[in-house]
file protein11.cif (mmCIF, C-alpha atoms)
data_input
loop_
_atom_site.group_PDB
_atom_site.id
_atom_site.type_symbol
_atom_site.label_atom_id
_atom_site.label_comp_id
_atom_site.auth_asym_id
_atom_site.auth_seq_id
_atom_site.Cartn_x
_atom_site.Cartn_y
_atom_site.Cartn_z
ATOM 1 C CA MET A 15 0.687 -10.792 -21.383
ATOM 2 C CA LYS A 16 0.721 -12.611 -18.058
ATOM 3 C CA SER A 17 -1.650 -11.232 -15.465
ATOM 4 C CA ALA A 18 -2.751 -11.607 -11.868
ATOM 5 C CA VAL A 19 -5.830 -10.531 -9.938
ATOM 6 C CA ILE A 20 -5.513 -9.938 -6.198
ATOM 7 C CA VAL A 21 -8.372 -11.388 -4.166
ATOM 8 C CA PHE A 22 -9.261 -9.914 -0.772
ATOM 9 C CA PRO A 23 -12.023 -11.031 1.567
ATOM 10 C CA ALA A 24 -15.127 -9.331 0.052
ATOM 11 C CA SER A 25 -13.616 -8.556 -3.326
ATOM 12 C CA ASN A 26 -16.548 -8.947 -5.711
ATOM 13 C CA ARG A 27 -15.373 -7.808 -9.160
ATOM 14 C CA ASP A 28 -12.362 -10.112 -9.155
ATOM 15 C CA ARG A 29 -14.033 -12.621 -11.454
ATOM 16 C CA ASP A 30 -15.263 -9.915 -13.845
ATOM 17 C CA ALA A 31 -11.650 -8.803 -14.159
ATOM 18 C CA ALA A 32 -10.495 -12.408 -14.606
ATOM 19 C CA ASP A 33 -13.089 -13.001 -17.361
ATOM 20 C CA VAL A 34 -11.895 -10.016 -19.388
ATOM 21 C CA LEU A 35 -8.234 -10.887 -18.888
ATOM 22 C CA GLU A 36 -8.839 -14.420 -20.110
ATOM 23 C CA LYS A 37 -10.789 -13.078 -23.090
ATOM 24 C CA VAL A 38 -8.014 -10.692 -24.206
ATOM 25 C CA THR A 39 -4.953 -12.777 -23.300
ATOM 26 C CA GLY A 40 -6.262 -16.290 -23.958
ATOM 27 C CA ALA A 41 -4.939 -17.401 -20.575
ATOM 28 C CA LYS A 42 -6.491 -17.425 -17.134
ATOM 29 C CA PRO A 43 -4.924 -14.860 -14.786
ATOM 30 C CA HIS A 44 -3.374 -15.969 -11.506
ATOM 31 C CA MET A 45 -5.868 -15.376 -8.712
ATOM 32 C CA VAL A 46 -3.697 -14.308 -5.777
ATOM 33 C CA TRP A 47 -5.012 -14.418 -2.203
ATOM 34 C CA HIS A 48 -4.375 -11.386 0.045
ATOM 35 C CA GLY A 49 -2.531 -13.485 2.626
ATOM 36 C CA ASP A 50 0.061 -14.718 0.120
ATOM 37 C CA SER A 51 3.512 -13.156 0.152
ATOM 38 C CA ASN A 52 4.248 -13.034 -3.555
ATOM 39 C CA VAL A 53 2.521 -12.185 -6.788
ATOM 40 C CA PRO A 54 3.787 -14.511 -9.539
ATOM 41 C CA ASP A 55 5.946 -13.022 -12.255
ATOM 42 C CA VAL A 56 3.379 -11.159 -14.381
ATOM 43 C CA ASP A 57 3.100 -8.083 -16.628
ATOM 44 C CA LEU A 58 -0.139 -6.766 -15.135
ATOM 45 C CA ILE A 59 -1.593 -6.867 -11.629
ATOM 46 C CA VAL A 60 -5.272 -5.986 -11.206
ATOM 47 C CA VAL A 61 -6.508 -4.841 -7.800
ATOM 48 C CA PRO A 62 -10.240 -5.413 -8.235
ATOM 49 C CA GLY A 63 -13.423 -3.804 -6.969
ATOM 50 C CA GLY A 64 -15.437 -4.894 -3.977
ATOM 51 C CA PHE A 65 -15.592 -4.142 -0.288
ATOM 52 C CA SER A 66 -12.296 -5.560 0.948
ATOM 53 C CA TYR A 67 -12.344 -6.238 4.699
ATOM 54 C CA GLY A 68 -15.873 -4.850 4.840
ATOM 55 C CA ASP A 69 -14.577 -1.299 4.281
ATOM 56 C CA TYR A 70 -13.603 -1.273 7.984
ATOM 57 C CA LEU A 71 -11.888 1.907 9.230
ATOM 58 C CA ARG A 72 -11.719 3.435 5.719
ATOM 59 C CA CYS A 73 -12.280 1.889 2.284
ATOM 60 C CA GLY A 74 -9.084 0.125 1.296
ATOM 61 C CA ALA A 75 -7.258 0.935 4.535
ATOM 62 C CA MET A 76 -7.007 -2.636 5.800
ATOM 63 C CA ALA A 77 -6.300 -4.116 2.380
ATOM 64 C CA ALA A 78 -3.450 -1.649 1.916
ATOM 65 C CA GLN A 79 -1.781 -3.236 4.955
ATOM 66 C CA SER A 80 -2.259 -6.829 3.775
ATOM 67 C CA ARG A 81 0.752 -9.029 3.180
ATOM 68 C CA ILE A 82 0.276 -9.269 -0.595
ATOM 69 C CA MET A 83 0.243 -5.479 -1.000
ATOM 70 C CA ARG A 84 3.876 -5.294 0.122
ATOM 71 C CA ASP A 85 4.799 -7.304 -2.958
ATOM 72 C CA VAL A 86 2.380 -5.371 -5.198
ATOM 73 C CA ILE A 87 4.089 -2.133 -4.087
ATOM 74 C CA ALA A 88 7.548 -3.638 -4.658
ATOM 75 C CA LYS A 89 6.556 -4.831 -8.135
ATOM 76 C CA ALA A 90 4.944 -1.486 -9.013
ATOM 77 C CA ASP A 91 8.188 0.223 -7.999
ATOM 78 C CA LYS A 92 10.008 -2.074 -10.433
ATOM 79 C CA GLY A 93 7.678 -1.002 -13.236
ATOM 80 C CA VAL A 94 5.062 -3.778 -13.353
ATOM 81 C CA ALA A 95 1.712 -2.396 -14.547
ATOM 82 C CA VAL A 96 -0.913 -2.165 -11.794
ATOM 83 C CA LEU A 97 -4.584 -1.390 -12.442
ATOM 84 C CA GLY A 98 -6.831 -0.572 -9.487
ATOM 85 C CA ILE A 99 -10.551 -0.467 -10.145
ATOM 86 C CA CYS A 100 -13.066 1.043 -7.688
ATOM 87 C CA ASN A 101 -12.115 -0.496 -4.314
ATOM 88 C CA GLY A 102 -8.803 -1.272 -6.033
ATOM 89 C CA PHE A 103 -8.330 2.484 -6.641
ATOM 90 C CA GLN A 104 -9.092 3.124 -2.956
ATOM 91 C CA ILE A 105 -6.526 0.466 -1.987
ATOM 92 C CA LEU A 106 -3.877 2.042 -4.244
ATOM 93 C CA THR A 107 -4.380 5.497 -2.716
ATOM 94 C CA GLU A 108 -4.318 4.035 0.809
ATOM 95 C CA SER A 109 -1.070 2.246 -0.194
ATOM 96 C CA ARG A 110 0.302 5.586 -1.427
ATOM 97 C CA LEU A 111 0.931 4.099 -4.864
ATOM 98 C CA LEU A 112 -1.379 6.864 -6.088
ATOM 99 C CA PRO A 113 -1.801 10.349 -4.590
ATOM 100 C CA GLY A 114 -4.960 11.695 -2.982
ATOM 101 C CA ALA A 115 -7.848 9.956 -1.251
ATOM 102 C CA LEU A 116 -11.372 8.759 -2.039
ATOM 103 C CA MET A 117 -13.991 10.126 0.302
ATOM 104 C CA ARG A 118 -17.722 9.701 0.885
ATOM 105 C CA ASN A 119 -19.756 10.732 -2.152
ATOM 106 C CA ALA A 120 -20.714 14.393 -1.792
ATOM 107 C CA LYS A 121 -24.432 13.543 -1.708
ATOM 108 C CA LEU A 122 -23.860 10.628 0.712
ATOM 109 C CA LYS A 123 -25.605 8.183 -1.634
ATOM 110 C CA PHE A 124 -24.263 4.963 -3.091
ATOM 111 C CA VAL A 125 -24.335 5.532 -6.857
ATOM 112 C CA SER A 126 -24.780 2.603 -9.247
ATOM 113 C CA LYS A 127 -25.333 3.592 -12.872
ATOM 114 C CA PRO A 128 -23.572 4.067 -16.209
ATOM 115 C CA VAL A 129 -21.832 7.435 -16.489
ATOM 116 C CA PRO A 130 -20.182 9.238 -19.395
ATOM 117 C CA VAL A 131 -16.434 9.384 -18.949
ATOM 118 C CA SER A 132 -13.976 11.247 -21.154
ATOM 119 C CA VAL A 133 -10.558 9.865 -22.012
ATOM 120 C CA GLU A 134 -8.208 12.712 -21.130
ATOM 121 C CA GLU A 135 -4.874 11.112 -21.767
ATOM 122 C CA THR A 136 -3.775 8.492 -24.265
ATOM 123 C CA GLN A 137 -0.057 8.497 -23.423
ATOM 124 C CA SER A 138 -0.321 5.433 -21.200
ATOM 125 C CA ALA A 139 -0.359 1.673 -21.606
ATOM 126 C CA PHE A 140 -3.910 1.766 -20.249
ATOM 127 C CA THR A 141 -5.444 4.197 -22.724
ATOM 128 C CA ARG A 142 -3.327 3.944 -25.878
ATOM 129 C CA LEU A 143 -6.194 2.526 -27.984
ATOM 130 C CA TYR A 144 -8.605 5.338 -27.150
ATOM 131 C CA SER A 145 -8.569 8.734 -28.788
ATOM 132 C CA LYS A 146 -8.081 11.842 -26.713
ATOM 133 C CA GLY A 147 -11.389 13.426 -25.744
ATOM 134 C CA GLU A 148 -13.368 10.312 -26.618
ATOM 135 C CA ILE A 149 -16.417 9.825 -24.400
ATOM 136 C CA VAL A 150 -17.094 6.295 -23.225
ATOM 137 C CA SER A 151 -19.759 4.816 -21.011
ATOM 138 C CA PHE A 152 -18.634 2.967 -17.877
ATOM 139 C CA SER A 153 -20.750 2.009 -14.913
ATOM 140 C CA VAL A 154 -19.906 3.229 -11.440
ATOM 141 C CA ALA A 155 -20.962 1.430 -8.264
ATOM 142 C CA HIS A 156 -19.591 3.091 -5.160
ATOM 143 C CA GLY A 157 -20.408 5.099 -2.063
ATOM 144 C CA GLU A 158 -16.922 6.515 -1.623
ATOM 145 C CA GLY A 159 -15.522 7.683 -4.920
ATOM 146 C CA ASN A 160 -15.193 11.369 -4.200
ATOM 147 C CA TYR A 161 -11.609 12.055 -5.248
ATOM 148 C CA PHE A 162 -9.757 14.527 -3.066
ATOM 149 C CA ALA A 163 -6.222 15.876 -3.328
ATOM 150 C CA ASP A 164 -4.795 19.194 -2.173
ATOM 151 C CA ASP A 165 -4.359 22.069 -4.655
ATOM 152 C CA GLU A 166 -0.676 21.411 -5.129
ATOM 153 C CA THR A 167 -1.201 17.711 -5.951
ATOM 154 C CA LEU A 168 -4.069 18.545 -8.311
ATOM 155 C CA ALA A 169 -1.924 21.081 -10.152
ATOM 156 C CA ARG A 170 0.805 18.470 -10.551
ATOM 157 C CA LEU A 171 -1.643 15.828 -11.815
ATOM 158 C CA GLU A 172 -3.086 18.299 -14.311
ATOM 159 C CA GLY A 173 0.316 19.597 -15.405
ATOM 160 C CA GLU A 174 1.857 16.166 -15.882
ATOM 161 C CA GLY A 175 -1.067 14.750 -17.856
ATOM 162 C CA ARG A 176 -1.839 12.196 -15.180
ATOM 163 C CA ILE A 177 -5.607 12.625 -15.101
ATOM 164 C CA VAL A 178 -6.639 9.847 -17.460
ATOM 165 C CA PHE A 179 -10.396 9.775 -17.062
ATOM 166 C CA ARG A 180 -12.859 12.513 -16.117
ATOM 167 C CA TYR A 181 -16.600 12.363 -15.568
ATOM 168 C CA ALA A 182 -18.080 14.088 -18.599
ATOM 169 C CA LEU A 183 -21.163 15.952 -19.816
ATOM 170 C CA GLY A 184 -21.750 17.495 -16.392
ATOM 171 C CA GLU A 185 -22.341 14.142 -14.739
ATOM 172 C CA ASN A 186 -20.008 14.008 -11.789
ATOM 173 C CA PRO A 187 -21.606 11.260 -9.666
ATOM 174 C CA ASN A 188 -19.635 11.762 -6.464
ATOM 175 C CA GLY A 189 -18.269 15.296 -6.158
ATOM 176 C CA SER A 190 -14.685 14.422 -7.186
ATOM 177 C CA ARG A 191 -12.432 17.457 -7.508
ATOM 178 C CA ASN A 192 -11.838 18.452 -11.150
ATOM 179 C CA ASP A 193 -14.300 15.671 -12.151
ATOM 180 C CA ILE A 194 -11.501 13.147 -11.699
ATOM 181 C CA ALA A 195 -12.456 9.536 -12.427
ATOM 182 C CA GLY A 196 -9.000 8.006 -12.896
ATOM 183 C CA ILE A 197 -5.342 8.931 -12.456
ATOM 184 C CA LEU A 198 -1.819 7.671 -13.163
ATOM 185 C CA ASN A 199 1.233 7.556 -10.927
ATOM 186 C CA GLU A 200 4.338 9.517 -11.833
ATOM 187 C CA LYS A 201 5.928 6.616 -13.730
ATOM 188 C CA ARG A 202 2.624 5.988 -15.531
ATOM 189 C CA ASN A 203 2.648 2.247 -14.777
ATOM 190 C CA VAL A 204 -0.008 2.432 -12.049
ATOM 191 C CA MET A 205 -3.563 3.555 -12.793
ATOM 192 C CA GLY A 206 -6.592 3.766 -10.551
ATOM 193 C CA LEU A 207 -10.160 4.583 -11.550
ATOM 194 C CA MET A 208 -13.569 4.429 -9.890
ATOM 195 C CA PRO A 209 -15.684 3.367 -12.937
ATOM 196 C CA HIS A 210 -15.684 -0.266 -14.043
ATOM 197 C CA PRO A 211 -14.182 -0.825 -17.521
ATOM 198 C CA GLU A 212 -14.041 -4.581 -16.799
ATOM 199 C CA CYS A 213 -17.841 -4.617 -16.700
ATOM 200 C CA ALA A 214 -18.070 -2.919 -20.111
ATOM 201 C CA CYS A 215 -16.422 -5.644 -22.174
ATOM 202 C CA ASP A 216 -19.302 -7.851 -23.249
ATOM 203 C CA PRO A 217 -21.720 -6.448 -25.873
ATOM 204 C CA LEU A 218 -24.508 -8.265 -24.024
ATOM 205 C CA LEU A 219 -24.139 -5.722 -21.214
ATOM 206 C CA GLY A 220 -23.988 -2.599 -23.366
ATOM 207 C CA PRO A 221 -21.329 -0.885 -25.437
ATOM 208 C CA PRO A 222 -17.997 -2.698 -24.895
ATOM 209 C CA ASP A 223 -16.177 0.563 -24.142
ATOM 210 C CA GLY A 224 -13.837 -1.087 -21.654
ATOM 211 C CA LEU A 225 -12.293 -3.540 -24.119
ATOM 212 C CA PRO A 226 -9.764 -1.094 -25.655
ATOM 213 C CA LEU A 227 -8.280 -0.602 -22.185
ATOM 214 C CA PHE A 228 -7.500 -4.299 -21.798
ATOM 215 C CA LYS A 229 -6.564 -4.862 -25.453
ATOM 216 C CA GLY A 230 -4.225 -1.885 -25.266
ATOM 217 C CA LEU A 231 -2.545 -3.369 -22.211
ATOM 218 C CA VAL A 232 -2.036 -6.661 -24.046
ATOM 219 C CA GLU A 233 -0.408 -4.814 -26.957
ATOM 220 C CA ALA A 234 1.749 -2.648 -24.719
ATOM 221 C CA LEU A 235 2.834 -5.365 -22.312
ATOM 222 C CA ALA A 236 3.003 -8.436 -24.574
ATOM 223 C CA MET B 27 -2.421 1.918 29.830
ATOM 224 C CA LYS B 28 -5.443 3.058 27.893
ATOM 225 C CA ALA B 29 -5.482 5.530 25.084
ATOM 226 C CA ARG B 30 -8.138 7.333 23.110
ATOM 227 C CA VAL B 31 -7.427 8.429 19.560
ATOM 228 C CA PHE B 32 -9.560 11.064 17.856
ATOM 229 C CA VAL B 33 -9.510 11.034 14.060
ATOM 230 C CA THR B 34 -11.171 13.972 12.311
ATOM 231 C CA LEU B 35 -11.157 15.471 8.843
ATOM 232 C CA LYS B 36 -8.636 18.241 8.293
ATOM 233 C CA ASN B 37 -9.924 21.790 8.124
ATOM 234 C CA GLY B 38 -10.930 22.617 4.589
ATOM 235 C CA VAL B 39 -11.803 19.012 3.682
ATOM 236 C CA LEU B 40 -15.513 18.793 2.954
ATOM 237 C CA ASP B 41 -17.500 16.702 5.424
ATOM 238 C CA PRO B 42 -20.859 15.843 3.840
ATOM 239 C CA GLN B 43 -21.809 13.639 6.811
ATOM 240 C CA GLY B 44 -21.197 16.459 9.256
ATOM 241 C CA LYS B 45 -23.269 18.738 7.050
ATOM 242 C CA ALA B 46 -26.164 16.258 6.969
ATOM 243 C CA ILE B 47 -26.042 15.932 10.767
ATOM 244 C CA GLY B 48 -26.097 19.733 11.053
ATOM 245 C CA HIS B 49 -29.172 19.947 8.814
ATOM 246 C CA ALA B 50 -30.906 17.228 10.823
ATOM 247 C CA LEU B 51 -30.203 19.058 14.074
ATOM 248 C CA ASN B 52 -31.563 22.291 12.601
ATOM 249 C CA ASN B 53 -34.686 20.424 11.494
ATOM 250 C CA LEU B 54 -35.124 19.083 15.023
ATOM 251 C CA GLY B 55 -35.354 22.660 16.226
ATOM 252 C CA PHE B 56 -31.764 23.152 17.387
ATOM 253 C CA ALA B 57 -31.586 26.479 15.632
ATOM 254 C CA SER B 58 -28.307 27.496 17.263
ATOM 255 C CA VAL B 59 -26.359 24.680 15.564
ATOM 256 C CA GLY B 60 -23.717 25.968 13.157
ATOM 257 C CA GLU B 61 -21.091 23.870 11.411
ATOM 258 C CA VAL B 62 -20.897 20.194 12.401
ATOM 259 C CA ARG B 63 -17.870 17.977 11.743
ATOM 260 C CA GLN B 64 -17.942 14.235 12.287
ATOM 261 C CA GLY B 65 -14.998 12.078 13.312
ATOM 262 C CA LYS B 66 -13.993 8.791 14.883
ATOM 263 C CA VAL B 67 -12.974 7.787 18.380
ATOM 264 C CA ILE B 68 -10.753 4.727 18.764
ATOM 265 C CA ASP B 69 -10.042 3.303 22.218
ATOM 266 C CA ILE B 70 -6.885 1.289 22.530
ATOM 267 C CA GLU B 71 -5.515 -0.787 25.407
ATOM 268 C CA LEU B 72 -1.770 -0.718 25.436
ATOM 269 C CA ASP B 73 0.687 -2.956 27.284
ATOM 270 C CA GLU B 74 3.046 -0.087 27.986
ATOM 271 C CA LYS B 75 4.055 1.707 31.193
ATOM 272 C CA ASP B 76 6.093 4.606 29.868
ATOM 273 C CA GLU B 77 3.984 7.536 28.665
ATOM 274 C CA ALA B 78 6.466 8.879 26.172
ATOM 275 C CA ARG B 79 6.926 5.469 24.583
ATOM 276 C CA ALA B 80 3.188 4.879 24.496
ATOM 277 C CA LYS B 81 2.675 8.208 22.748
ATOM 278 C CA ALA B 82 5.380 7.433 20.220
ATOM 279 C CA ARG B 83 3.826 4.044 19.448
ATOM 280 C CA LEU B 84 0.351 5.579 19.109
ATOM 281 C CA LYS B 85 1.655 8.260 16.789
ATOM 282 C CA GLU B 86 3.137 5.535 14.613
ATOM 283 C CA MET B 87 -0.208 3.680 14.618
ATOM 284 C CA CYS B 88 -2.013 6.842 13.534
ATOM 285 C CA GLU B 89 0.437 7.536 10.721
ATOM 286 C CA LYS B 90 0.418 3.935 9.470
ATOM 287 C CA LEU B 91 -3.220 2.965 9.783
ATOM 288 C CA LEU B 92 -5.634 4.825 12.036
ATOM 289 C CA ALA B 93 -5.692 8.088 10.094
ATOM 290 C CA ASN B 94 -5.288 8.859 6.417
ATOM 291 C CA THR B 95 -3.147 11.944 6.851
ATOM 292 C CA ILE B 96 -4.000 13.217 3.381
ATOM 293 C CA ILE B 97 -7.488 14.058 4.602
ATOM 294 C CA GLU B 98 -7.490 13.423 8.347
ATOM 295 C CA LYS B 99 -5.763 14.689 11.478
ATOM 296 C CA TYR B 100 -5.520 12.905 14.804
ATOM 297 C CA GLU B 101 -5.189 13.595 18.492
ATOM 298 C CA ILE B 102 -3.953 11.171 21.125
ATOM 299 C CA GLU B 103 -5.167 11.146 24.709
ATOM 300 C CA LEU B 104 -3.571 8.886 27.325
ATOM 301 C CA LYS B 105 -5.618 7.631 30.270
ATOM 302 C CA PRO B 106 -3.997 6.353 33.431
#
call {"tool": "encode", "arguments": {"input": "protein11.cif", "output": "structure tokens"}}
result
Amino acid sequence: MKSAVIVFPASNRDRDAADVLEKVTGAKPHMVWHGDSNVPDVDLIVVPGGFSYGDYLRCGAMAAQSRIMRDVIAKADKGVAVLGICNGFQILTESRLLPGALMRNAKLKFVSKPVPVSVEETQSAFTRLYSKGEIVSFSVAHGEGNYFADDETLARLEGEGRIVFRYALGENPNGSRNDIAGILNEKRNVMGLMPHPECACDPLLGPPDGLPLFKGLVEALA
Amino acid sequence: MKARVFVTLKNGVLDPQGKAIGHALNNLGFASVGEVRQGKVIDIELDEKDEARAKARLKEMCEKLLANTIIEKYEIELKP
């Protein structure tokens, strides 16, 4: 599996993503600067966490307009897998690659802690190695992860099995509607989530619950 | 030409910041304060003489960047 990580000014989980990708693929991912026009020919593009462009205007709003995102959108439309984590999820919703929006946390506090997350859907390249209903522990670190979509969009997401991760055990850290932590696009090749699976891949840092996500991608996209 | 763009959350979209401001105002003794909604004001200088064209350009700016129309609405005000 060939991979790329997009780097924006103030991305800060780009190297965590790169570490995991190197660990599971054996090759360093391409690190692609936001001002570039093209993402190299890869199987997976990761839009990483951070505070791209200082969160000016709205989280992810400026990054969504960056030159590289035009090519990310074009490649996603062609079926290339795209994974947006945290700020990456915000960028994908602002780019309209994913429906809905991520708003200020309901309690207005930045939340940084591990949270229990249930795997709701395993029919995707991102979650094929998990079992349905499995509860994993991922850390969240965000002030604006409160997922919002209108009733009609929510009903579609629910009906089409596109809600992949939900905050579990009554611990919704941000007020997201339907406890949504991560969703898929219609073609199921684009996924965004607020928690950080890339930071749950080294046993030194806790249970490596994020590894199956990346290993599954390698199997599916190899 | 100068323009002022107001970006606010759509009705029905929760506004926790507005709520917190409302509580703070109540605590300061402004007992008559009901619901509070917070938004943004963006002032833009525009090299454009024709009002209709200016409005059309501003609308495009709002749709493309200034507002996230999934959660926000906008109003455009032109100033001579």
call {"tool": "resolve_selection", "arguments": {"input": "protein11.cif", "expression": "the PyMOL selection byres ((chain A) within 12 of (chain B))", "output": "ChimeraX atom specification"}}
result
/A:70-80,104-105,107-110,112-123,158,160-165,167,188-191
call {"tool": "write_last_selection", "arguments": {"input": "protein11.cif", "atoms": "C-alpha atoms", "output": "compact mmCIF listing (two decimals), keeping the file's coordinate frame"}}
result
# COMPACT_ATOMS: atom_id res chain seq x y z
CA TYR A 70 -13.60 -1.27 7.98
CA LEU A 71 -11.89 1.91 9.23
CA ARG A 72 -11.72 3.44 5.72
CA CYS A 73 -12.28 1.89 2.28
CA GLY A 74 -9.08 0.12 1.30
CA ALA A 75 -7.26 0.94 4.54
CA MET A 76 -7.01 -2.64 5.80
CA ALA A 77 -6.30 -4.12 2.38
CA ALA A 78 -3.45 -1.65 1.92
CA GLN A 79 -1.78 -3.24 4.96
CA SER A 80 -2.26 -6.83 3.78
CA GLN A 104 -9.09 3.12 -2.96
CA ILE A 105 -6.53 0.47 -1.99
CA THR A 107 -4.38 5.50 -2.72
CA GLU A 108 -4.32 4.04 0.81
CA SER A 109 -1.07 2.25 -0.19
CA ARG A 110 0.30 5.59 -1.43
CA LEU A 112 -1.38 6.86 -6.09
CA PRO A 113 -1.80 10.35 -4.59
CA GLY A 114 -4.96 11.70 -2.98
CA ALA A 115 -7.85 9.96 -1.25
CA LEU A 116 -11.37 8.76 -2.04
CA MET A 117 -13.99 10.13 0.30
CA ARG A 118 -17.72 9.70 0.88
CA ASN A 119 -19.76 10.73 -2.15
CA ALA A 120 -20.71 14.39 -1.79
CA LYS A 121 -24.43 13.54 -1.71
CA LEU A 122 -23.86 10.63 0.71
CA LYS A 123 -25.60 8.18 -1.63
CA GLU A 158 -16.92 6.52 -1.62
CA ASN A 160 -15.19 11.37 -4.20
CA TYR A 161 -11.61 12.06 -5.25
CA PHE A 162 -9.76 14.53 -3.07
CA ALA A 163 -6.22 15.88 -3.33
CA ASP A 164 -4.80 19.19 -2.17
CA ASP A 165 -4.36 22.07 -4.66
CA THR A 167 -1.20 17.71 -5.95
CA ASN A 188 -19.64 11.76 -6.46
CA GLY A 189 -18.27 15.30 -6.16
CA SER A 190 -14.68 14.42 -7.19
CA ARG A 191 -12.43 17.46 -7.51
call {"tool": "closest_residue", "arguments": {"input": "protein11.cif", "among": "B:Tyr100, B:Lys105, B:Glu86, B:Val33", "to": "Leu72 in chain B", "atoms": "only C-alpha atoms"}}
result
B:Lys105
call {"tool": "resolve_selection", "arguments": {"input": "protein11.cif", "expression": "the PyMOL selection byres ((chain B and resi 30) around 9)", "output": "ChimeraX atom specification"}}
result
/B:28-29,31-32,67-71,101-105
call {"tool": "residues_around", "arguments": {"input": "protein11.cif", "residues": "Tyr144 in chain A", "least_positions_apart": "3", "cutoff": "9 Å", "atoms": "all atoms listed in the file", "output": "compact mmCIF listing (two decimals) with C-alpha atoms, in the coordinates of the input"}}
result
# COMPACT_ATOMS: atom_id res chain seq x y z
CA VAL A 133 -10.56 9.86 -22.01
CA GLU A 135 -4.87 11.11 -21.77
CA THR A 136 -3.78 8.49 -24.26
CA THR A 141 -5.44 4.20 -22.72
CA GLY A 147 -11.39 13.43 -25.74
CA GLU A 148 -13.37 10.31 -26.62
CA PRO A 226 -9.76 -1.09 -25.66
CA LEU A 227 -8.28 -0.60 -22.18
CA GLY A 230 -4.22 -1.88 -25.27
call {"tool": "atom_distance", "arguments": {"input": "protein11.cif", "atom1": "CA of Pro23 in chain A", "atom2": "CA of Ser153 in chain A"}}
result
22.8 Å
call {"tool": "residues_around", "arguments": {"input": "protein11.cif", "residues": "Ser25 in chain A", "least_positions_apart": "4", "cutoff": "12 Å", "atoms": "only C-alpha atoms", "output": "number ranges by chain"}}
result
A: 19-21, 29-31, 45-48, 60-69, 73-74, 77, 99-102, 105
call {"tool": "write_last_selection", "arguments": {"input": "protein11.cif", "atoms": "C-alpha atoms", "output": "PDB file, in the frame of the given file"}}
result
ATOM      1  CA  VAL A  19      -5.830 -10.531  -9.938  1.00  0.00           C
ATOM      2  CA  ILE A  20      -5.513  -9.938  -6.198  1.00  0.00           C
ATOM      3  CA  VAL A  21      -8.372 -11.388  -4.166  1.00  0.00           C
ATOM      4  CA  ARG A  29     -14.033 -12.621 -11.454  1.00  0.00           C
ATOM      5  CA  ASP A  30     -15.263  -9.915 -13.845  1.00  0.00           C
ATOM      6  CA  ALA A  31     -11.650  -8.803 -14.159  1.00  0.00           C
ATOM      7  CA  MET A  45      -5.868 -15.376  -8.712  1.00  0.00           C
ATOM      8  CA  VAL A  46      -3.697 -14.308  -5.777  1.00  0.00           C
ATOM      9  CA  TRP A  47      -5.012 -14.418  -2.203  1.00  0.00           C
ATOM     10  CA  HIS A  48      -4.375 -11.386   0.045  1.00  0.00           C
ATOM     11  CA  VAL A  60      -5.272  -5.986 -11.206  1.00  0.00           C
ATOM     12  CA  VAL A  61      -6.508  -4.841  -7.800  1.00  0.00           C
ATOM     13  CA  PRO A  62     -10.240  -5.413  -8.235  1.00  0.00           C
ATOM     14  CA  GLY A  63     -13.423  -3.804  -6.969  1.00  0.00           C
ATOM     15  CA  GLY A  64     -15.437  -4.894  -3.977  1.00  0.00           C
ATOM     16  CA  PHE A  65     -15.592  -4.142  -0.288  1.00  0.00           C
ATOM     17  CA  SER A  66     -12.296  -5.560   0.948  1.00  0.00           C
ATOM     18  CA  TYR A  67     -12.344  -6.238   4.699  1.00  0.00           C
ATOM     19  CA  GLY A  68     -15.873  -4.850   4.840  1.00  0.00           C
ATOM     20  CA  ASP A  69     -14.577  -1.299   4.281  1.00  0.00           C
ATOM     21  CA  CYS A  73     -12.280   1.889   2.284  1.00  0.00           C
ATOM     22  CA  GLY A  74      -9.084   0.125   1.296  1.00  0.00           C
ATOM     23  CA  ALA A  77      -6.300  -4.116   2.380  1.00  0.00           C
ATOM     24  CA  ILE A  99     -10.551  -0.467 -10.145  1.00  0.00           C
ATOM     25  CA  CYS A 100     -13.066   1.043  -7.688  1.00  0.00           C
ATOM     26  CA  ASN A 101     -12.115  -0.496  -4.314  1.00  0.00           C
ATOM     27  CA  GLY A 102      -8.803  -1.272  -6.033  1.00  0.00           C
ATOM     28  CA  ILE A 105      -6.526   0.466  -1.987  1.00  0.00           C
TER      29      ILE A 105
END
call {"tool": "closest_residue", "arguments": {"input": "protein11.cif", "among": "A:Val129, A:Ile82, A:Ala90, A:Val178", "to": "Lys146 in chain A", "atoms": "all atoms listed in the file"}}
result
A:Val178
call {"tool": "atom_distance", "arguments": {"input": "protein11.cif", "atom1": "CA of Phe152 in chain A", "atom2": "CA of Asp55 in chain A"}}
result
29.9 Å
call {"tool": "atom_distance", "arguments": {"input": "protein11.cif", "atom1": "CA of Leu235 in chain A", "atom2": "CA of Pro217 in chain A"}}
result
24.8 Å
